[in-house]
Every structure is written in C-alpha cells, then in structure tokens.
$ cat my_file_10.cif   # mmCIF, C-alpha atoms and all ligand atoms
data_work
#
loop_
_atom_site.group_PDB
_atom_site.id
_atom_site.type_symbol
_atom_site.label_atom_id
_atom_site.label_comp_id
_atom_site.auth_asym_id
_atom_site.auth_seq_id
_atom_site.Cartn_x
_atom_site.Cartn_y
_atom_site.Cartn_z
ATOM 1 C CA MET A 15 200.008 134.142 331.160
ATOM 2 C CA VAL A 16 201.208 137.403 332.643
ATOM 3 C CA VAL A 17 198.367 139.910 332.877
ATOM 4 C CA ASP A 18 198.959 143.518 333.862
ATOM 5 C CA PRO A 19 196.329 144.236 336.543
ATOM 6 C CA LEU A 20 196.827 148.004 336.344
ATOM 7 C CA CYS A 21 193.921 150.133 335.084
ATOM 8 C CA PRO A 22 194.666 150.973 331.418
ATOM 9 C CA LEU A 23 192.811 154.289 331.704
ATOM 10 C CA CYS A 24 194.454 155.942 334.714
ATOM 11 C CA GLY A 25 197.341 153.605 335.619
ATOM 12 C CA GLU A 26 196.783 154.514 339.276
ATOM 13 C CA SER A 27 195.141 151.398 340.642
ATOM 14 C CA ASP A 28 194.393 147.751 339.889
ATOM 15 C CA GLU A 29 191.455 147.339 337.549
ATOM 16 C CA CYS A 30 188.799 145.565 339.636
ATOM 17 C CA THR A 31 185.123 145.929 338.663
ATOM 18 C CA LEU A 32 184.575 148.646 341.262
ATOM 19 C CA HIS A 33 187.534 150.627 340.013
ATOM 20 C CA MET A 34 186.687 150.192 336.336
ATOM 21 C CA LEU A 35 183.024 151.183 336.598
ATOM 22 C CA VAL A 36 183.056 153.575 339.539
ATOM 23 C CA LYS A 37 186.329 154.699 341.065
ATOM 24 C CA CYS A 38 188.489 155.366 338.051
ATOM 25 C CA ARG A 39 189.027 159.115 337.610
ATOM 26 C CA GLU A 40 186.726 159.723 334.628
ATOM 27 C CA ALA A 41 184.154 157.140 335.743
ATOM 28 C CA LYS A 42 183.867 158.996 339.046
ATOM 29 C CA MET A 43 183.409 162.277 337.189
ATOM 30 C CA ILE A 44 180.779 160.745 334.881
ATOM 31 C CA TRP A 45 178.724 159.602 337.886
ATOM 32 C CA TYR A 46 179.005 163.053 339.375
ATOM 33 C CA ILE A 47 178.040 165.109 336.303
ATOM 34 C CA SER A 48 175.301 162.635 335.279
ATOM 35 C CA PRO A 49 171.650 163.393 336.184
ATOM 36 C CA LEU A 50 172.180 161.108 339.217
ATOM 37 C CA ARG A 51 174.794 163.515 340.656
ATOM 38 C CA LEU A 52 176.435 160.654 342.490
ATOM 39 C CA GLU A 53 179.364 161.542 344.666
ATOM 40 C CA VAL A 54 181.154 158.238 344.535
ATOM 41 C CA GLU A 55 182.972 158.710 347.831
ATOM 42 C CA ARG A 56 179.719 159.204 349.734
ATOM 43 C CA TYR A 57 178.689 155.601 349.100
ATOM 44 C CA ASP A 58 180.636 152.764 350.529
ATOM 45 C CA GLY A 59 181.436 149.208 349.673
ATOM 46 C CA GLU A 60 184.430 147.102 348.866
ATOM 47 C CA THR A 61 182.888 145.639 345.729
ATOM 48 C CA PHE A 62 180.744 146.862 342.856
ATOM 49 C CA HIS A 63 177.848 144.887 344.312
ATOM 50 C CA ASP A 64 178.171 146.627 347.701
ATOM 51 C CA TRP A 65 178.371 149.975 345.999
ATOM 52 C CA CYS A 66 175.187 149.293 343.968
ATOM 53 C CA CYS A 67 173.341 148.266 347.152
ATOM 54 C CA SER A 68 174.446 151.437 348.873
ATOM 55 C CA VAL A 69 173.213 153.580 345.948
ATOM 56 C CA ARG A 70 169.983 151.578 345.756
ATOM 57 C CA LYS A 71 169.051 152.677 349.259
ATOM 58 C CA ILE A 72 168.943 156.294 348.087
ATOM 59 C CA PHE A 73 167.528 155.949 344.556
ATOM 60 C CA LYS A 74 164.375 153.947 344.858
ATOM 61 C CA GLU A 75 162.662 155.155 341.655
ATOM 62 C CA VAL A 76 162.820 152.687 338.751
ATOM 63 C CA ALA A 77 163.557 155.483 336.257
ATOM 64 C CA TRP A 78 166.733 156.441 338.135
ATOM 65 C CA TRP A 79 167.762 152.854 338.290
ATOM 66 C CA ASP A 80 167.438 152.515 334.491
ATOM 67 C CA ILE A 81 169.707 155.516 334.079
ATOM 68 C CA PHE A 82 172.106 154.056 336.608
ATOM 69 C CA TRP A 83 172.618 150.862 334.587
ATOM 70 C CA SER A 84 172.694 152.692 331.317
ATOM 71 C CA ILE A 85 175.548 154.862 332.623
ATOM 72 C CA ALA A 86 177.401 151.832 334.001
ATOM 73 C CA TRP A 87 177.128 150.245 330.551
ATOM 74 C CA GLY A 88 178.352 153.478 328.939
ATOM 75 C CA VAL A 89 181.394 153.577 331.241
ATOM 76 C CA TRP A 90 182.173 149.990 330.277
ATOM 77 C CA LEU A 91 181.891 150.787 326.527
ATOM 78 C CA LYS A 92 184.082 153.859 326.966
ATOM 79 C CA ARG A 93 186.719 151.729 328.657
ATOM 80 C CA ASN A 94 186.571 149.103 325.878
ATOM 81 C CA ARG A 95 186.749 151.695 323.142
ATOM 82 C CA TRP A 96 189.934 153.045 324.656
ATOM 83 C CA CYS A 97 191.476 149.601 325.302
ATOM 84 C CA PHE A 98 190.628 147.961 321.994
ATOM 85 C CA GLU A 99 190.364 150.832 319.521
ATOM 86 C CA GLY A 100 192.547 153.505 321.109
ATOM 87 C CA LYS A 101 189.658 155.990 320.747
ATOM 88 C CA ARG A 102 188.033 158.176 323.372
ATOM 89 C CA TYR A 103 184.423 158.855 324.192
ATOM 90 C CA GLU A 104 184.036 162.212 325.919
ATOM 91 C CA MET A 105 182.373 162.074 329.350
ATOM 92 C CA SER A 106 179.458 164.202 328.168
ATOM 93 C CA GLU A 107 178.997 161.824 325.198
ATOM 94 C CA VAL A 108 178.721 158.851 327.560
ATOM 95 C CA ILE A 109 176.031 160.592 329.607
ATOM 96 C CA HIS A 110 174.047 161.811 326.593
ATOM 97 C CA ARG A 111 174.001 158.342 325.083
ATOM 98 C CA ALA A 112 173.086 156.691 328.380
ATOM 99 C CA VAL A 113 170.175 159.025 329.039
ATOM 100 C CA GLY A 114 169.119 158.859 325.367
ATOM 101 C CA ILE A 115 168.956 155.070 325.435
ATOM 102 C CA VAL A 116 166.680 155.137 328.484
ATOM 103 C CA GLY A 117 164.454 157.710 326.760
ATOM 104 C CA GLU A 118 164.248 155.610 323.597
ATOM 105 C CA PHE A 119 163.387 152.551 325.644
ATOM 106 C CA GLU A 120 160.596 154.373 327.478
ATOM 107 C CA GLN A 121 159.188 155.672 324.189
ATOM 108 C CA ALA A 122 159.283 152.198 322.660
ATOM 109 C CA GLN A 123 157.504 150.793 325.714
ATOM 110 C CA ALA A 124 154.799 153.461 325.441
ATOM 111 C CA ILE A 125 154.282 152.742 321.718
ATOM 112 C CA SER A 126 154.183 148.985 322.196
ATOM 113 C CA ASN A 127 151.554 149.420 324.916
ATOM 114 C CA ILE A 128 149.350 151.316 322.440
ATOM 115 C CA ASN A 129 150.000 149.012 319.457
ATOM 116 C CA PRO A 130 150.568 145.433 320.575
ATOM 117 C CA PRO A 131 153.091 143.801 318.224
ATOM 118 C CA PRO A 132 151.610 141.748 315.352
ATOM 119 C CA PRO A 133 151.803 137.982 315.827
ATOM 120 C CA ALA A 134 155.210 136.746 314.765
ATOM 121 C CA PHE A 135 155.341 134.749 311.537
ATOM 122 C CA ASP A 136 157.220 131.498 311.494
ATOM 123 C CA VAL A 137 159.914 132.243 308.926
ATOM 124 C CA SER A 138 161.850 128.992 309.142
ATOM 125 C CA TRP A 139 161.800 126.994 305.911
ATOM 126 C CA LYS A 140 159.690 123.830 305.871
ATOM 127 C CA PRO A 141 159.372 121.201 303.171
ATOM 128 C CA PRO A 142 156.024 121.011 301.338
ATOM 129 C CA MET A 143 153.437 118.283 301.896
ATOM 130 C CA GLU A 144 153.795 115.001 300.019
ATOM 131 C CA GLY A 145 153.137 115.214 296.256
ATOM 132 C CA VAL A 146 153.890 118.946 296.137
ATOM 133 C CA ILE A 147 157.071 120.681 294.973
ATOM 134 C CA LYS A 148 158.032 123.874 296.767
ATOM 135 C CA ILE A 149 159.812 126.585 294.790
ATOM 136 C CA ASN A 150 162.000 129.243 296.375
ATOM 137 C CA SER A 151 163.423 131.955 294.163
ATOM 138 C CA ASP A 152 165.702 134.924 294.613
ATOM 139 C CA ALA A 153 167.367 137.599 292.558
ATOM 140 C CA ALA A 154 170.628 139.536 292.728
ATOM 141 C CA VAL A 155 171.387 142.893 291.132
ATOM 142 C CA PHE A 156 174.915 143.457 289.791
ATOM 143 C CA SER A 157 176.435 146.837 289.100
ATOM 144 C CA PRO A 158 176.623 148.613 286.717
ATOM 145 C CA SER A 159 173.943 146.517 285.034
ATOM 146 C CA GLY A 160 172.817 142.915 284.989
ATOM 147 C CA VAL A 161 170.792 140.682 287.247
ATOM 148 C CA GLY A 162 170.952 137.078 288.398
ATOM 149 C CA LEU A 163 167.815 134.964 288.815
ATOM 150 C CA GLY A 164 167.824 131.772 290.814
ATOM 151 C CA GLY A 165 165.385 129.111 291.937
ATOM 152 C CA VAL A 166 165.407 125.879 293.943
ATOM 153 C CA MET A 167 162.715 123.208 294.007
ATOM 154 C CA HIS A 168 162.358 120.839 296.962
ATOM 155 C CA ASP A 169 160.212 117.758 297.444
ATOM 156 C CA TYR A 170 158.372 116.796 300.621
ATOM 157 C CA VAL A 171 161.521 115.174 302.096
ATOM 158 C CA GLY A 172 163.384 118.439 301.681
ATOM 159 C CA ASP A 173 165.634 117.097 298.902
ATOM 160 C CA VAL A 174 166.528 119.417 296.030
ATOM 161 C CA VAL A 175 164.775 118.206 292.861
ATOM 162 C CA VAL A 176 165.796 120.989 290.486
ATOM 163 C CA SER A 177 167.837 124.134 290.778
ATOM 164 C CA THR A 178 168.308 126.855 288.202
ATOM 165 C CA CYS A 179 170.056 130.158 287.638
ATOM 166 C CA LEU A 180 170.071 132.698 284.834
ATOM 167 C CA LYS A 181 171.952 135.917 284.159
ATOM 168 C CA LEU A 182 170.254 138.816 282.366
ATOM 169 C CA GLU A 183 171.643 142.118 281.107
ATOM 170 C CA GLY A 184 169.803 145.313 281.932
ATOM 171 C CA LYS A 185 168.627 147.481 284.799
ATOM 172 C CA PHE A 186 165.474 146.569 286.723
ATOM 173 C CA GLU A 187 163.700 147.671 289.880
ATOM 174 C CA VAL A 188 164.240 145.325 292.825
ATOM 175 C CA ASP A 189 160.614 144.112 292.994
ATOM 176 C CA VAL A 190 160.634 143.508 289.225
ATOM 177 C CA VAL A 191 163.785 141.378 289.461
ATOM 178 C CA GLU A 192 162.269 139.368 292.297
ATOM 179 C CA ALA A 193 159.195 138.745 290.131
ATOM 180 C CA LEU A 194 161.396 137.772 287.153
ATOM 181 C CA ALA A 195 163.224 135.280 289.370
ATOM 182 C CA MET A 196 159.937 133.711 290.443
ATOM 183 C CA ARG A 197 158.667 133.565 286.835
ATOM 184 C CA HIS A 198 161.932 131.984 285.653
ATOM 185 C CA ALA A 199 161.755 129.351 288.394
ATOM 186 C CA LEU A 200 158.086 128.604 287.597
ATOM 187 C CA ASN A 201 158.901 128.247 283.863
ATOM 188 C CA ILE A 202 161.619 125.702 284.652
HETATM 189 ZN ZN ZN B 1 191.576 153.781 336.467
#

$ encode --input "my_file_10.cif" --output "structure tokens" --more "lines below"
Ligand SMILES: [Zn+2]
Amino acid sequence: MVVDPLCPLCGESDECTLHMLVKCREAKMIWYISPLRLEVERYDGETFHDWCCSVRKIFKEVAWWDIFWSIAWGVWLKRNRWCFEGKRYEMSEVIHRAVGIVGEFEQAQAISNINPPPPAFDVSWKPPMEGVIKINSDAAVFSPSGVGLGGVMHDYVGDVVVSTCLKLEGKFEVDVVEALAMRHALNI
C-alpha cells in the first residue's frame, strides 16, 4: 500500500508523531499561545517522548501536566477533524476546550471527594431461583399516538416460558406506559 508520509495539514514535512503533535505550524502556535506558553524550539528531542521529557523538567506541577496532555489530545483531534471531516477547529477553540476539560475534571474530582459514589448496582440480567418465573416488561411510545406493551417470562434455567406484546391507541405519560406494560405482562 502506498502511503503519503507528508503532513496533511502543512505539507511541509513528514508526519511523524513529533511533527503532528508539536512541530507542525499550528500545533507549534497552539503550544505557544496556550497557558503553558511553550516555545517549541526551546525544548529538544528527536522524538515526541524526548520532547515530553524535556518539557517535564521545567513543568513539575501536576496541574500543568494535565493541561499539557489535554492540549496534546486537542491537537490530535484537530488534526483528525481536518483529515477525516475536512473541518477546522480554530487554535483558540482547541485551547479553550483543553483547559475546560481539565477544569471539569478537577471539579468532578472535588465533588466525588465530598460525595463518595453510591455502590454500583449489578444490572446484568439473572434468571430467577428454581420454581419462580421472572417477568421483564417494557413499553414503546409511537408517534403521533399509540403505545406498545411487551413482556417476557423466564424460568430458572433462563428459558423463555411466555412472551407477549400488545398495541394500544392513545397518548400516555412514559411512567404510565411502563406501568401498563408491567400490568399487561402480569395479567398474562
Ligand atoms: Zn505539518
């Protein structure tokens, strides 16, 4: 397969990781006008890894490092949007989003420290115990009017014993339709 190695954004150099994320014209500008104020040329390295290590020596704070990766991710998304959708993200947009994401993450961390998350419920379906039939029901709302009610009954092996569906005319609230579906299944 013939692959064009040239950078699709600037066409001035081969598109290695370092070029794509750091050295390409707009990427370089994004790093510079970002809150990190990184002058790409001041850091050295032949690879993206080297370049990160060189930056790491200067920015030791975790918060800066979060922004660093968020911007790198933004540059990557900008590149993909251009390559695959032919659309542009403005440089300022990339920076705003990158910094915003870090802010949101910090806020979420602060909230989750105050309110520990509730224990997770096991939502995977399990068959009932022996001698018991488990009923699952659901409803669908059709426009402009009309609803569908459905129910399935399983035995303890997990085999379907009965299934049912019913169409009704009329408009109902969502929770009412769900209740109707359960009542229909229980009647059957
Ligand atoms: Zn380029």

$ atom_distance --input "my_file_10.cif" --atom1 "CA of Lys74 in chain A" --atom2 "CA of Trp87 in chain A"
19.5 Å

$ closest_residue --input "my_file_10.cif" --among "A:Met196, A:Val89, A:Val17, A:Cys24" --to "Met105 in chain A" --atoms "all atoms listed in the file"
A:Val89

$ residues_around --input "my_file_10.cif" --residues "range 110-113 of chain A" --least-positions-apart "6" --cutoff "7 Å" --atoms "all atoms listed in the file" --output "PyMOL selection string"
chain A and resi 81+84-85+88

$ closest_atom_pairs --input "my_file_10.cif" --of "chain A" --to "ligand ZN 1 (chain B)" --cutoff "7 Å" --atoms "only C-alpha atoms and all ligand atoms" --output "Markdown table"
| residue | atom | partner | partner_atom | distance |
| --- | --- | --- | --- | --- |
| A:Cys21 | CA | B:ZN1 | ZN | 4.6 |
| A:Pro22 | CA | B:ZN1 | ZN | 6.6 |
| A:Leu23 | CA | B:ZN1 | ZN | 4.9 |
| A:Cys24 | CA | B:ZN1 | ZN | 4.0 |
| A:Gly25 | CA | B:ZN1 | ZN | 5.8 |
| A:Glu26 | CA | B:ZN1 | ZN | 6.0 |
| A:Ser27 | CA | B:ZN1 | ZN | 6.0 |
| A:Glu29 | CA | B:ZN1 | ZN | 6.5 |
| A:His33 | CA | B:ZN1 | ZN | 6.2 |
| A:Met34 | CA | B:ZN1 | ZN | 6.1 |
| A:Cys38 | CA | B:ZN1 | ZN | 3.8 |
| A:Arg39 | CA | B:ZN1 | ZN | 6.0 |

$ closest_residue --input "my_file_10.cif" --among "A:Ala86, A:Leu180, A:Ile47, A:Ala77" --to "Thr31 in chain A" --atoms "only C-alpha atoms"
A:Ala86

$ residues_near_point --input "my_file_10.cif" --point "(158.1, 129.9, 285.9)" --cutoff "12 Å" --atoms "all atoms listed in the file" --output "list in words"
Ile149, Asn150, Ser151, Leu163, Gly164, Gly165, Val166, Met167, Thr178, Ala193, Leu194, Ala195, Met196, Arg197, His198, Ala199, Leu200, Asn201 and Ile202 of chain A

$ resolve_selection --input "my_file_10.cif" --expression "the PyMOL selection byres (((chain A and resi 51) around 12) and not hetatm)" --output "PyMOL selection string"
chain A and resi 42-50+52-56+69+72-73+78+81-82+85+109

$ atom_distance --input "my_file_10.cif" --atom1 "CA of Val176 in chain A" --atom2 "CA of Val146 in chain A"
13.3 Å

$ closest_residue --input "my_file_10.cif" --among "A:Asp152, A:Asp173, A:Trp139, A:Ser159" --to "Asp189 in chain A" --atoms "all atoms listed in the file"
A:Asp152

$ atom_distance --input "my_file_10.cif" --atom1 "CA of Thr61 in chain A" --atom2 "CA of Arg102 in chain A"
26.1 Å

$ closest_residue --input "my_file_10.cif" --among "A:Glu40, A:Glu187, A:Glu104, A:Asp80" --to "Glu120 in chain A" --atoms "only C-alpha atoms"
A:Asp80

$ closest_residue --input "my_file_10.cif" --among "A:Asn127, A:Ala41, A:Pro141, A:Trp79" --to "Ser106 in chain A" --atoms "all atoms listed in the file"
A:Ala41

$ closest_residue --input "my_file_10.cif" --among "A:Gly184, A:Gly145, A:Val137, A:Arg95" --to "Pro158 in chain A" --atoms "only C-alpha atoms"
A:Gly184

$ residues_around --input "my_file_10.cif" --residues "Lys140 in chain A" --least-positions-apart "2" --cutoff "10 Å" --atoms "only C-alpha atoms" --output "list in words"
Asp136, Val137, Ser138, Pro142, Met143, Lys148, His168, Tyr170, Val171 and Gly172 of chain A

$ resolve_selection --input "my_file_10.cif" --expression "the PyMOL selection byres (((chain A and resi 156) around 10) and not hetatm)" --output "PDB file with C-alpha atoms, keeping the file's coordinate frame"
ATOM      1  CA  ALA A 153     167.367 137.599 292.558  1.00  0.00           C
ATOM      2  CA  ALA A 154     170.628 139.536 292.728  1.00  0.00           C
ATOM      3  CA  VAL A 155     171.387 142.893 291.132  1.00  0.00           C
ATOM      4  CA  SER A 157     176.435 146.837 289.100  1.00  0.00           C
ATOM      5  CA  PRO A 158     176.623 148.613 286.717  1.00  0.00           C
ATOM      6  CA  SER A 159     173.943 146.517 285.034  1.00  0.00           C
ATOM      7  CA  GLY A 160     172.817 142.915 284.989  1.00  0.00           C
ATOM      8  CA  VAL A 161     170.792 140.682 287.247  1.00  0.00           C
ATOM      9  CA  GLY A 162     170.952 137.078 288.398  1.00  0.00           C
ATOM     10  CA  LYS A 181     171.952 135.917 284.159  1.00  0.00           C
ATOM     11  CA  LEU A 182     170.254 138.816 282.366  1.00  0.00           C
ATOM     12  CA  GLU A 183     171.643 142.118 281.107  1.00  0.00           C
ATOM     13  CA  GLY A 184     169.803 145.313 281.932  1.00  0.00           C
ATOM     14  CA  LYS A 185     168.627 147.481 284.799  1.00  0.00           C
TER      15      LYS A 185
END

$ axis_aligned_box --input "my_file_10.cif" --around "range 78-81 of chain A" --padding-each-side "6 Å" --output "lines of an AutoDock Vina configuration file"
center_x = 168.2
center_y = 154.5
center_z = 336.2
size_x = 15.0
size_y = 15.9
size_z = 16.2

$ decode --input "my_file_10.cif" --residues "range 56-80 of chain A" --atoms "C-alpha atoms" --output "PDB file, in the first residue's frame"
ATOM      1  CA  ARG A  56      13.471  25.831  23.151  1.00  0.00           C
ATOM      2  CA  TYR A  57      12.971  22.167  24.025  1.00  0.00           C
ATOM      3  CA  ASP A  58      14.878  19.492  22.269  1.00  0.00           C
ATOM      4  CA  GLY A  59      14.420  15.905  21.300  1.00  0.00           C
ATOM      5  CA  GLU A  60      14.219  13.821  18.191  1.00  0.00           C
ATOM      6  CA  THR A  61      11.012  12.094  19.235  1.00  0.00           C
ATOM      7  CA  PHE A  62       7.773  13.049  20.952  1.00  0.00           C
ATOM      8  CA  HIS A  63       8.940  11.113  24.001  1.00  0.00           C
ATOM      9  CA  ASP A  64      12.197  13.104  24.204  1.00  0.00           C
ATOM     10  CA  TRP A  65      10.292  16.323  23.804  1.00  0.00           C
ATOM     11  CA  CYS A  66       7.879  15.414  26.646  1.00  0.00           C
ATOM     12  CA  CYS A  67      10.830  14.576  28.924  1.00  0.00           C
ATOM     13  CA  SER A  68      12.447  17.890  28.129  1.00  0.00           C
ATOM     14  CA  VAL A  69       9.219  19.782  28.951  1.00  0.00           C
ATOM     15  CA  ARG A  70       8.714  17.690  32.089  1.00  0.00           C
ATOM     16  CA  LYS A  71      11.950  19.018  33.540  1.00  0.00           C
ATOM     17  CA  ILE A  72      10.503  22.537  33.526  1.00  0.00           C
ATOM     18  CA  PHE A  73       6.841  21.898  34.403  1.00  0.00           C
ATOM     19  CA  LYS A  74       6.833  19.845  37.537  1.00  0.00           C
ATOM     20  CA  GLU A  75       3.333  20.772  38.779  1.00  0.00           C
ATOM     21  CA  VAL A  76       0.678  18.103  38.162  1.00  0.00           C
ATOM     22  CA  ALA A  77      -1.887  20.727  37.107  1.00  0.00           C
ATOM     23  CA  TRP A  78       0.354  21.900  34.255  1.00  0.00           C
ATOM     24  CA  TRP A  79       0.929  18.361  33.209  1.00  0.00           C
ATOM     25  CA  ASP A  80      -2.840  17.736  32.967  1.00  0.00           C
TER      26      ASP A  80
END
